[in-house]
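Here is the file work_36.cif (mmCIF, C-alpha atoms).
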data_target
#
loop_
_atom_site.label_atom_id
_atom_site.label_comp_id
_atom_site.auth_asym_id
_atom_site.auth_seq_id
_atom_site.Cartn_x
_atom_site.Cartn_y
_atom_site.Cartn_z
CA MET A 248 68.77 -4.71 -7.97
CA ILE A 249 67.35 -7.36 -10.26
CA VAL A 250 67.07 -9.82 -7.37
CA LEU A 251 65.40 -7.17 -5.18
CA TYR A 252 62.94 -6.30 -7.97
CA SER A 253 62.11 -9.97 -8.41
CA LEU A 254 61.41 -10.42 -4.69
CA LYS A 255 59.16 -7.34 -4.65
CA SER A 256 57.27 -8.63 -7.72
CA LYS A 257 56.71 -12.01 -6.07
CA LYS A 258 55.47 -10.30 -2.91
CA ILE A 259 53.04 -8.16 -4.91
CA LEU A 260 51.78 -11.21 -6.80
CA SER A 261 51.28 -13.08 -3.54
CA ILE A 262 49.28 -10.19 -2.07
CA LEU A 263 47.15 -9.94 -5.23
CA SER A 264 46.55 -13.69 -5.28
CA PHE A 265 45.51 -13.69 -1.64
CA SER A 266 43.20 -10.71 -2.22
CA LEU A 267 41.60 -12.42 -5.20
CA LEU A 268 41.07 -15.55 -3.11
CA LEU A 269 39.31 -13.50 -0.42
CA VAL A 270 37.04 -11.88 -3.02
CA LEU A 271 36.12 -15.27 -4.49
CA CYS A 272 35.40 -16.68 -1.04
CA PHE A 273 33.21 -13.65 -0.23
CA LEU A 274 31.25 -13.97 -3.47
CA SER A 275 30.77 -17.67 -2.96
CA ALA A 276 29.46 -17.12 0.58
CA TYR A 277 27.30 -14.24 -0.61
CA PHE A 278 25.62 -16.19 -3.39
CA MET A 279 24.87 -19.01 -0.96
CA LEU A 280 23.30 -16.44 1.34
CA ILE A 281 20.97 -14.84 -1.18
CA ASN A 282 19.55 -18.02 -2.68
CA ASP A 283 15.76 -17.66 -2.67
CA LYS A 284 14.95 -21.01 -1.06
CA ASP A 285 17.46 -23.02 0.94
CA GLY A 286 20.79 -21.20 0.88
CA SER A 287 22.34 -23.57 -1.64
CA PHE A 288 23.96 -22.31 -4.80
CA VAL A 289 24.49 -24.60 -7.77
CA ASN A 290 25.77 -24.42 -11.30
CA CYS A 291 23.35 -24.80 -14.18
CA SER A 292 23.39 -28.15 -15.93
CA THR A 293 26.13 -28.50 -18.53
CA ASP A 294 23.74 -30.30 -20.88
CA SER A 295 23.85 -28.47 -24.22
CA ASP A 296 20.29 -29.31 -25.25
CA PHE A 297 18.62 -26.23 -23.74
CA ILE A 298 18.99 -22.48 -24.09
CA LYS A 299 21.40 -20.93 -21.58
CA TYR A 300 21.28 -17.28 -22.66
CA ALA A 301 18.41 -15.16 -23.91
CA GLU A 302 17.29 -11.57 -24.23
CA PHE A 303 13.85 -10.21 -25.01
CA ASN A 304 14.03 -6.85 -26.78
CA PRO A 305 10.77 -6.30 -28.73
CA THR A 306 9.45 -2.78 -28.16
CA TYR A 307 5.94 -2.04 -26.99
CA GLU A 308 5.10 -0.90 -30.52
CA ALA A 309 6.24 -4.23 -31.96
CA LEU A 310 4.37 -6.23 -29.34
CA GLU A 311 1.15 -4.28 -29.80
CA TYR A 312 1.22 -4.40 -33.59
CA CYS A 313 1.99 -8.12 -33.81
CA MET A 314 -0.63 -8.90 -31.18
CA ASN A 315 -3.29 -7.04 -33.17
CA VAL A 316 -2.30 -8.84 -36.38
CA ASP A 317 -2.77 -12.16 -34.56
CA ILE A 318 -6.13 -11.12 -33.07
CA ASN A 319 -7.48 -9.76 -36.37
CA ALA A 320 -6.46 -12.90 -38.26
CA GLN A 321 -7.96 -15.29 -35.72
CA LYS A 322 -11.11 -15.94 -37.76
CA SER A 323 -9.38 -15.75 -41.12
CA GLU A 324 -8.58 -18.72 -43.35
CA HIS A 325 -4.91 -18.37 -42.52
CA GLN A 326 -4.27 -17.55 -38.88
CA ILE A 327 -1.09 -15.66 -37.96
CA ASN A 328 0.89 -16.29 -34.79
CA TRP A 329 2.25 -13.07 -33.28
CA ILE A 330 5.22 -14.95 -31.83
CA ASP A 331 6.18 -16.07 -35.35
CA LEU A 332 6.16 -12.44 -36.53
CA LEU A 333 8.32 -11.25 -33.64
CA ALA A 334 10.73 -14.18 -33.97
CA TYR A 335 11.10 -13.65 -37.72
CA TYR A 336 11.91 -9.97 -37.23
CA ALA A 337 14.34 -10.79 -34.41
CA ALA A 338 16.11 -13.43 -36.53
CA LYS A 339 16.40 -11.02 -39.43
CA TYR A 340 17.83 -8.19 -37.33
CA TYR A 341 19.74 -10.24 -34.73
CA GLY A 342 17.32 -9.39 -31.93
CA ASP A 343 17.63 -5.63 -32.44
CA PHE A 344 14.28 -3.78 -32.35
CA SER A 345 15.77 -0.28 -32.01
CA LYS A 346 14.82 0.61 -35.58
CA TYR A 347 11.54 -1.28 -35.63
CA GLU A 348 8.77 -0.08 -37.95
CA ASN A 349 5.30 -1.60 -38.35
CA SER A 350 5.73 -1.71 -42.10
CA SER A 351 8.36 -4.42 -41.75
CA ILE A 352 5.91 -6.71 -39.95
CA SER A 353 3.07 -5.74 -42.27
CA LYS A 354 4.98 -7.10 -45.27
CA ILE A 355 5.58 -10.41 -43.50
CA ALA A 356 1.94 -10.65 -42.42
CA ASP A 357 0.71 -10.00 -45.97
CA LYS A 358 2.70 -12.97 -47.22
CA LEU A 359 1.44 -15.21 -44.42
CA LYS A 360 -2.14 -14.28 -45.31
CA THR A 361 -1.63 -16.00 -48.67
CA GLY A 362 -1.02 -19.30 -46.91
CA ILE A 363 2.77 -19.44 -47.13
CA SER A 364 4.36 -20.80 -43.95
CA ILE A 365 6.75 -18.84 -41.77
CA GLU A 366 9.32 -21.62 -42.27
CA LYS A 367 9.11 -21.16 -46.06
CA LEU A 368 9.57 -17.41 -45.65
CA CYS A 369 12.71 -18.04 -43.60
CA GLU A 370 14.04 -20.40 -46.24
CA ASP A 371 13.30 -18.04 -49.14
CA ASN A 372 14.93 -15.09 -47.39
CA ASN A 373 17.90 -16.93 -45.85
CA ILE A 374 16.74 -16.13 -42.33
CA GLU A 375 18.82 -18.03 -39.78
CA ASN A 376 18.22 -18.62 -36.07
CA PHE A 377 14.43 -18.35 -36.39
CA GLU A 378 13.93 -21.50 -34.31
CA TYR A 379 16.07 -20.07 -31.50
CA TYR A 380 14.08 -16.83 -31.31
CA LYS A 381 10.82 -18.76 -31.67
CA GLU A 382 11.69 -20.88 -28.63
CA VAL A 383 12.77 -17.88 -26.54
CA TYR A 384 9.78 -15.73 -27.48
CA THR A 385 7.39 -18.62 -26.95
CA ALA A 386 8.83 -19.09 -23.46
CA VAL A 387 8.02 -15.43 -22.75
CA LEU A 388 4.66 -15.02 -24.46
CA ALA A 389 3.04 -18.47 -24.73
CA GLY A 390 0.29 -17.77 -22.20
CA PHE A 391 -0.54 -14.23 -23.25
CA LEU A 392 -3.12 -14.56 -26.06
CA GLY A 393 -6.13 -16.81 -26.18
CA TYR A 394 -9.82 -17.07 -25.37
CA LYS A 395 -10.68 -15.26 -22.16
CA ASN A 396 -12.36 -18.35 -20.65
CA ASP A 397 -13.74 -21.74 -21.64
CA ASN A 398 -17.16 -20.35 -22.50
CA SER A 399 -15.99 -17.24 -24.33
CA ASP A 400 -15.51 -16.59 -28.03
CA GLU A 401 -13.56 -13.41 -27.21
CA TYR A 402 -9.96 -13.88 -28.29
CA GLY A 403 -7.30 -11.49 -27.08
CA LEU A 404 -4.93 -10.58 -24.26
CA LYS A 405 -5.79 -12.87 -21.33
CA VAL A 406 -2.95 -11.98 -18.96
CA TYR A 407 -3.22 -9.04 -16.58
CA PHE A 408 -1.34 -5.96 -15.46
CA PRO A 409 0.28 -6.62 -12.03
CA ILE A 410 -1.42 -3.59 -10.41
CA ALA A 411 -5.20 -3.59 -9.92
CA LYS A 412 -7.42 -1.35 -12.05
CA SER A 413 -8.04 2.23 -10.85
CA PHE A 414 -4.99 2.28 -8.55
CA ALA A 415 -2.30 4.88 -9.25
CA TYR A 416 1.22 3.85 -10.23
CA GLU A 417 4.30 5.08 -12.07
CA HIS A 418 7.04 3.19 -13.88
CA TYR A 419 9.92 3.58 -16.31
CA ASP A 420 12.56 1.33 -17.86
CA ASP A 421 14.85 0.58 -14.92
CA PHE A 422 16.10 -2.88 -15.90
CA GLY A 423 19.86 -3.13 -15.38
CA ASN A 424 20.14 -0.12 -13.06
CA MET A 425 22.58 -0.62 -10.23
CA ARG A 426 21.55 -1.79 -6.75
CA THR A 427 24.01 -1.61 -3.86
CA TYR A 428 22.42 -3.34 -0.84
CA GLY A 429 24.70 -6.26 0.02
CA TYR A 430 26.80 -5.73 -3.08
CA THR A 431 26.68 -3.82 -6.37
CA ARG A 432 24.55 -5.63 -8.94
CA PRO A 433 22.18 -4.94 -11.84
CA HIS A 434 18.46 -4.67 -11.16
CA LEU A 435 16.85 -7.70 -12.83
CA GLY A 436 13.22 -6.67 -12.54
CA HIS A 437 10.75 -3.91 -13.26
CA ASP A 438 9.63 -1.55 -10.48
CA LEU A 439 6.12 -0.12 -10.34
CA ILE A 440 5.83 2.75 -7.88
CA ALA A 441 2.52 2.56 -6.00
CA GLN A 442 1.09 3.32 -2.56
CA THR A 443 1.42 0.78 0.22
CA GLY A 444 -1.64 -1.47 0.24
CA THR A 445 -2.25 -1.34 -3.51
CA PRO A 446 -3.54 -4.78 -4.62
CA VAL A 447 -1.04 -6.90 -6.56
CA ILE A 448 -2.48 -9.05 -9.34
CA ALA A 449 -1.46 -12.48 -10.66
CA VAL A 450 -0.45 -11.82 -14.27
CA GLU A 451 -1.04 -15.39 -15.44
CA ASP A 452 -2.55 -18.66 -14.23
CA GLY A 453 -0.04 -20.73 -12.32
CA ILE A 454 1.13 -22.37 -9.10
CA VAL A 455 2.54 -20.53 -6.09
CA GLU A 456 6.05 -21.95 -5.70
CA VAL A 457 7.42 -19.55 -3.08
CA MET A 458 5.93 -17.36 -0.36
CA GLY A 459 7.75 -15.78 2.53
CA TRP A 460 10.67 -13.61 3.49
CA ASN A 461 13.86 -12.93 1.54
CA GLN A 462 16.35 -10.32 2.79
CA TYR A 463 16.50 -8.68 -0.63
CA GLY A 464 12.90 -8.93 -1.80
CA GLY A 465 11.27 -8.70 1.61
CA TRP A 466 7.89 -10.41 1.62
CA ARG A 467 7.63 -11.97 -1.83
CA ILE A 468 5.67 -14.42 -3.97
CA GLY A 469 6.95 -16.61 -6.80
CA ILE A 470 4.41 -18.06 -9.24
CA ARG A 471 5.24 -20.60 -11.97
CA SER A 472 3.29 -20.78 -15.22
CA TYR A 473 1.69 -24.14 -16.01
CA ASP A 474 4.11 -24.79 -18.88
CA LYS A 475 6.92 -24.13 -16.31
CA LYS A 476 8.72 -21.72 -18.65
CA ARG A 477 7.89 -18.52 -16.75
CA TYR A 478 8.58 -17.75 -13.09
CA TYR A 479 6.86 -14.54 -11.98
CA TYR A 480 8.42 -12.77 -9.01
CA TYR A 481 6.49 -10.19 -6.93
CA ALA A 482 8.53 -8.57 -4.15
CA HIS A 483 8.65 -5.82 -1.47
CA LEU A 484 5.09 -6.57 -0.35
CA ARG A 485 3.65 -4.69 2.59
CA LYS A 486 4.54 -5.17 6.23
CA ASP A 487 2.32 -7.29 8.54
CA LYS A 488 -0.23 -8.41 5.89
CA PRO A 489 1.71 -8.89 2.66
CA PHE A 490 -0.29 -11.75 1.11
CA GLN A 491 -3.86 -12.26 0.05
CA GLU A 492 -6.07 -13.96 2.63
CA GLY A 493 -5.83 -17.73 2.34
CA LEU A 494 -2.97 -17.80 -0.18
CA SER A 495 -0.38 -20.55 0.34
CA GLU A 496 2.47 -22.33 -1.40
CA ASN A 497 1.52 -24.98 -3.97
CA GLN A 498 -1.84 -23.28 -4.46
CA ALA A 499 -3.21 -22.63 -7.94
CA VAL A 500 -4.00 -19.00 -8.81
CA LYS A 501 -5.88 -17.58 -11.74
CA ALA A 502 -4.87 -14.61 -13.86
CA GLY A 503 -6.45 -11.48 -12.43
CA ASP A 504 -6.61 -12.74 -8.83
CA VAL A 505 -5.36 -10.55 -6.00
CA ILE A 506 -2.27 -12.24 -4.53
CA GLY A 507 -0.76 -9.56 -2.28
CA TYR A 508 -0.28 -5.88 -1.53
CA VAL A 509 2.39 -3.34 -2.45
CA GLY A 510 4.78 -2.29 0.29
CA LYS A 511 8.42 -1.51 1.00
CA THR A 512 9.76 -4.51 2.90
CA GLY A 513 13.21 -5.95 2.32
CA TYR A 514 16.92 -5.12 2.54
CA SER A 515 17.08 -6.75 5.95
CA LEU A 516 17.83 -10.13 7.54
CA THR A 517 15.04 -9.38 10.02
CA GLU A 518 11.61 -10.44 8.81
CA ASN A 519 8.83 -7.91 8.37
CA THR A 520 11.19 -4.94 8.11
CA ASN A 521 10.58 -1.84 5.99
CA ASN A 522 13.99 -0.85 4.65
CA ILE A 523 12.98 0.17 1.13
CA GLN A 524 12.70 3.94 0.80
CA THR A 525 9.89 4.09 -1.76
CA SER A 526 6.82 1.89 -1.71
CA HIS A 527 6.76 -0.17 -4.92
CA LEU A 528 6.24 -3.56 -6.51
CA HIS A 529 9.29 -5.35 -7.87
CA PHE A 530 7.94 -7.38 -10.80
CA GLY A 531 10.21 -9.94 -12.44
CA MET A 532 10.11 -12.79 -14.95
CA GLN A 533 12.65 -15.58 -15.12
CA LEU A 534 12.80 -17.88 -18.15
CA ILE A 535 13.42 -21.55 -17.42
CA PHE A 536 14.39 -23.93 -20.23
CA ASP A 537 15.76 -26.58 -17.87
CA GLU A 538 14.95 -27.09 -14.20
CA SER A 539 18.62 -26.67 -13.29
CA GLN A 540 18.28 -22.98 -14.27
CA LYS A 541 15.69 -22.22 -11.60
CA GLU A 542 18.30 -21.38 -8.98
CA CYS A 543 21.82 -21.28 -10.37
CA ASP A 544 24.68 -19.01 -11.39
CA ASN A 545 23.24 -18.26 -14.84
CA GLU A 546 19.58 -17.43 -14.38
CA ILE A 547 17.74 -15.73 -17.23
CA TRP A 548 15.73 -12.64 -16.19
CA ILE A 549 14.27 -10.41 -18.91
CA ASN A 550 13.39 -6.73 -19.19
CA LEU A 551 9.65 -6.40 -18.56
CA TYR A 552 9.19 -2.70 -19.28
CA HIS A 553 7.66 -3.08 -22.74
CA ILE A 554 5.66 -6.14 -21.72
CA THR A 555 4.28 -4.23 -18.73
CA ARG A 556 3.15 -1.45 -21.04
CA LEU A 557 1.30 -4.04 -23.10
CA LEU A 558 -0.32 -5.48 -19.97
CA GLU A 559 -1.77 -2.04 -19.21
CA LYS A 560 -4.42 -2.95 -21.80
CA ASN A 561 -5.91 -5.54 -19.44
CA LYS A 562 -6.33 -4.59 -15.78
CA SER A 563 -8.14 -6.58 -13.13
CA GLU A 564 -11.07 -4.79 -11.52
CA VAL A 565 -11.29 -5.40 -7.77
CA TYR A 566 -13.54 -4.58 -4.83
CA ARG A 567 -12.82 -4.24 -1.11
CA ASN A 568 -14.57 -6.36 1.50
CA SER A 569 -15.36 -3.97 4.34
CA GLU A 570 -15.21 -6.75 6.94
CA THR A 571 -11.95 -8.49 5.99
CA LYS A 572 -10.45 -5.31 4.47
CA TYR A 573 -8.96 -7.47 1.68
CA PHE A 574 -9.49 -6.85 -2.02
CA TYR A 575 -10.97 -9.43 -4.39
CA LYS A 576 -11.36 -9.69 -8.15
CA LYS A 577 -14.78 -8.74 -9.49
CA ASP A 578 -16.50 -11.55 -11.37
#

Representation of the structure as structure tokens:
Amino acid sequence: MIVLYSLKSKKILSILSFSLLLVLCFLSAYFMLINDKDGSFVNCSTDSDFIKYAEFNPTYEALEYCMNVDINAQKSEHQINWIDLLAYYAAKYYGDFSKYENSSISKIADKLKTGISIEKLCEDNNIENFEYYKEVYTAVLAGFLGYKNDNSDEYGLKVYFPIAKSFAYEHYDDFGNMRTYGYTRPHLGHDLIAQTGTPVIAVEDGIVEVMGWNQYGGWRIGIRSYDKKRYYYYAHLRKDKPFQEGLSENQAVKAGDVIGYVGKTGYSLTENTNNIQTSHLHFGMQLIFDESQKECDNEIWINLYHITRLLEKNKSEVYRNSETKYFYKKD
């Protein structure tokens, strides 16, 4: 009986091993298939000198309050960087903003107004990991605040909401929800429900790195910020005319420009196919600390729900050209 049991155990182990091998082969082939550019799939660099994991959890309330502190202090003797405030709070509470209160930031800001540095505050209060959170939060928010243009003395939010002004939309926090087309996976973007044809807006200045078809995202656009830390992903654009007239890869775009139009393309190997049930914009942001992270097995995508709520404060006003039927940003 012992011999028989041993043979059965070995047979079971062999079957399990073979099954596991099939699963691994399938996943490997799958990941090669879904790569956004050329079908290759590579590991991230093993160099330890860059950040390989990051989350971004500040609430809308924290973002708004810290932004306003920065704006209000812009012409003061001691300016205050909103990213410093957020990073300090994150370092103190290990990135947890679930119990955030404005009073906590207010106390920090009051001390900074006296001229004390954020580094000295960290030292005095035994705050560790500030530099880590500062680097992560800078990668997310570096291009958000500033002067609206070269000739303006208006300082504030200079990035835009991804849906044009006056167009209807709905959204909620759907980051991490399950998707099942192809295979079960977490949703690594933020969906904004809007009618097909709604103008899609470039959130930030940058360079168009990718335009074209992807079986998951349908017609999509990928735009890289000039500091190369942020990769904005706009997907499920409309059938037939997904992109703005004249837009092409390697082209520079300005924040507020119309870059495409909402649709429901994707979930198909066949180009120009509507297989998404509800018309919407998939809006994503990938953080890139090393170029090897751009397309690899450990990409960093962050939850944009609270950021998107902040961007609602600055929407791009557009007009429609009756001849071309395309929308353009109003000057």

The PyMOL selection byres ((chain A and resi 532) around 12) on the file shown: which residues, as a ChimeraX atom specification? /A:302-303,386-388,409,422,435-437,450-451,468-472,475-482,529-531,533-535,541,546-552,554-555

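Taking atom CA of A:Leu368 and atom CA of A:His553 as the two end points, the separation is 27.1 Å.
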
Long-range neighbours of A:Thr443 as a list of chain:residue names, 10 Å cut-off, all atoms listed in the file, 4 positions minimum in chain: A:His483, A:Leu484, A:Arg485, A:Lys486, A:Pro489, A:Tyr508, A:Val509, A:Gly510, A:Lys511, A:Thr525, A:Ser526, A:His527, A:Leu528

Using all atoms listed in the file: which of A:Tyr473, A:Tyr335, A:Tyr384, A:Phe490 has the shortest distance to A:Ile298: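 Result for the nearest residue to A:Ile298: A:Tyr384.
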
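The space between atom CA of A:Asn519 and atom CA of A:Gly465 spans 7.2 Å.
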
Polymer residues at most 8 Å from stretch 312-328 of chain A, all atoms listed in the file, same-chain spacing of 6 or more positions, as a list in words: Asn349, Ile352, Ala356, Leu359, Lys360, Thr361, Gly362, Tyr402 and Gly403 of chain A

Report the distance between atom CA of A:Thr512 and atom CA of A:Gly453 in Å, rounded to one decimal place.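 Computing it gives 24.3 Å between the two atoms.
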
Can you tell me, as a compact mmCIF listing (two decimals) with C-alpha atoms, in the coordinates of the input, which residues sit within 9 Å of (14.4, -12.7, 10.4) in the file's frame, using only C-alpha atoms?
# COMPACT_ATOMS: atom_id res chain seq x y z
CA TRP A 460 10.67 -13.61 3.49
CA ASN A 461 13.86 -12.93 1.54
CA GLN A 462 16.35 -10.32 2.79
CA SER A 515 17.08 -6.75 5.95
CA LEU A 516 17.83 -10.13 7.54
CA THR A 517 15.04 -9.38 10.02
CA GLU A 518 11.61 -10.44 8.81
CA ASN A 519 8.83 -7.91 8.37
CA THR A 520 11.19 -4.94 8.11

Would you list the residues near (-1.3, -12.1, -25.4) (no more than 8 Å away, in the coordinates of the file, using all atoms listed in the file) as a PyMOL selection string? chain A and resi 314+388-393+403-406

Please enumerate the residues selected by the PyMOL selection byres ((chain A and resi 347) around 9) when evaluated against the supplied file, formatted as an mmCIF file with C-alpha atoms, in the coordinates of the input.
data_model
loop_
_atom_site.group_PDB
_atom_site.id
_atom_site.type_symbol
_atom_site.label_atom_id
_atom_site.label_comp_id
_atom_site.auth_asym_id
_atom_site.auth_seq_id
_atom_site.Cartn_x
_atom_site.Cartn_y
_atom_site.Cartn_z
ATOM 1 C CA PRO A 305 10.770 -6.300 -28.730
ATOM 2 C CA THR A 306 9.450 -2.780 -28.160
ATOM 3 C CA GLU A 308 5.100 -0.900 -30.520
ATOM 4 C CA ALA A 309 6.240 -4.230 -31.960
ATOM 5 C CA TYR A 336 11.910 -9.970 -37.230
ATOM 6 C CA ASP A 343 17.630 -5.630 -32.440
ATOM 7 C CA PHE A 344 14.280 -3.780 -32.350
ATOM 8 C CA SER A 345 15.770 -0.280 -32.010
ATOM 9 C CA LYS A 346 14.820 0.610 -35.580
ATOM 10 C CA GLU A 348 8.770 -0.080 -37.950
ATOM 11 C CA ASN A 349 5.300 -1.600 -38.350
ATOM 12 C CA SER A 350 5.730 -1.710 -42.100
ATOM 13 C CA SER A 351 8.360 -4.420 -41.750
ATOM 14 C CA ILE A 352 5.910 -6.710 -39.950
#
